[in-house]
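**Q** Sharing a structure below in structure tokens format, with a few things to ask.
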Amino acid sequence: MNRKHHKTLELIFSRPVSANVKWNDIESLFVALGAEVSEREGSRVAVFLFNEVRIFHRPHPTPTTDKGAVSSIRKWLEIHGVRP
């Protein structure tokens with residue numbers, strides 16, 4: 001993981017939940033962790049990581065991810081021992 005990925009990870013784990021996390025940065029972090037990201041119907045994105053598939057909704061028209069999704073991603077990463 002590079003410096004940008006670490007910064008994204010810190011944003012995901014910040015308290016209170018950040019409303020300024022860009023989806024592209026999260027997707028890039030997933031790939032750096034070894035995920036396979038694939039497009040689904042509409043704006044859905046499937047992320048295969050930790051031998052699991054999670055479906056996320058790519059935000060639009062703004063590039064920032066909503067707080068609920070950031071919280072969900074934080075919990076998922078925490079369960080698998082990924083922390084900043």
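By order in the structure tokens, chains are A, B, ...; within a chain, residues start at 1; ligands start at 1, following the order shown.
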Residues within 12 Å of Lys22 of chain A, please, as a PyMOL selection string. Count only C-alpha atoms; anything in the same chain fewer than 3 positions from it doesn't count.
**A** chain A and resi 4-5+7-9+11-12+18-19+25-29+58-67+69-70
**Q** Write the selection just made, keeping C-alpha atoms, as an mmCIF file, in the first residue's frame?
**A**
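Done, and the output landed in selection-v4.cif:
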data_model
loop_
_atom_site.group_PDB
_atom_site.id
_atom_site.type_symbol
_atom_site.label_atom_id
_atom_site.label_comp_id
_atom_site.auth_asym_id
_atom_site.auth_seq_id
_atom_site.Cartn_x
_atom_site.Cartn_y
_atom_site.Cartn_z
ATOM 1 C CA LYS A 4 -2.497 7.564 -0.446
ATOM 2 C CA HIS A 5 -3.952 4.187 0.565
ATOM 3 C CA LYS A 7 -4.466 8.191 4.137
ATOM 4 C CA THR A 8 -7.723 6.679 2.837
ATOM 5 C CA LEU A 9 -7.570 4.014 5.541
ATOM 6 C CA LEU A 11 -10.167 8.568 6.828
ATOM 7 C CA ILE A 12 -12.240 5.375 6.924
ATOM 8 C CA SER A 18 -15.883 11.173 7.682
ATOM 9 C CA ALA A 19 -18.146 12.452 4.926
ATOM 10 C CA ASP A 25 -9.906 6.174 -3.219
ATOM 11 C CA ILE A 26 -11.798 3.381 -1.441
ATOM 12 C CA GLU A 27 -11.867 1.294 -4.600
ATOM 13 C CA SER A 28 -8.117 1.841 -5.047
ATOM 14 C CA LEU A 29 -7.551 0.757 -1.428
ATOM 15 C CA ARG A 58 -21.011 3.721 -6.254
ATOM 16 C CA PRO A 59 -22.048 7.245 -5.241
ATOM 17 C CA HIS A 60 -23.329 9.682 -7.826
ATOM 18 C CA PRO A 61 -23.508 12.487 -8.842
ATOM 19 C CA THR A 62 -20.976 13.434 -6.144
ATOM 20 C CA PRO A 63 -17.801 11.353 -5.741
ATOM 21 C CA THR A 64 -17.965 11.163 -1.921
ATOM 22 C CA THR A 65 -19.131 8.043 -0.151
ATOM 23 C CA ASP A 66 -21.978 8.350 2.356
ATOM 24 C CA LYS A 67 -21.264 7.850 6.048
ATOM 25 C CA ALA A 69 -21.127 2.968 3.551
ATOM 26 C CA VAL A 70 -17.885 4.228 5.138
#
**Q** With DSSP run on the backbone, what are the helix (DSSP H, G or I) residues within segment 11-68 of chain A? I'd like them as a list in words.
**A**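 Across segment 11-68 of chain A, those assigned helix (DSSP H, G or I) are Leu11, Ile12, Phe13, Trp23, Asn24, Asp25, Ile26, Glu27, Ser28, Leu29, Phe30, Val31, Ala32, Lys67 and Gly68 of chain A.
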**Q** Run DSSP on the backbone and tell me which residues of chain A come out as strand (DSSP E or B); list them as a VMD selection string.
**A** chain A and resid 22 36 to 39 44 to 49 52 to 57 64
**Q** Give me, as a count of residues only, all polymer residues having an atom no more than 9 Å from segment 36-38 of chain A, counting only C-alpha atoms and skipping those fewer than 3 positions away in the same chain.
**A** 9
**Q** For the atom pair atom CA of Asn24 of chain A and atom CA of Ser43 of chain A, what is the interatomic distance in Å to one decimal place?
**A** 13.1 Å
**Q** Which is closest to Ser71 of chain A among A:Met1, A:Ile55, A:Val17, A:Ala35, if we use only C-alpha atoms?
**A** A:Val17
**Q** Rounded to one decimal place, report the atom CA of Ser14 of chain A-atom CA of Arg83 of chain A distance in Å.
**A**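 Computing it gives 10.9 Å between the two atoms.
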**Q** For atom CA of Arg3 of chain A and atom CA of Glu39 of chain A, determine how far apart the two atoms are, in Å to one decimal place.
**A** 26.3 Å
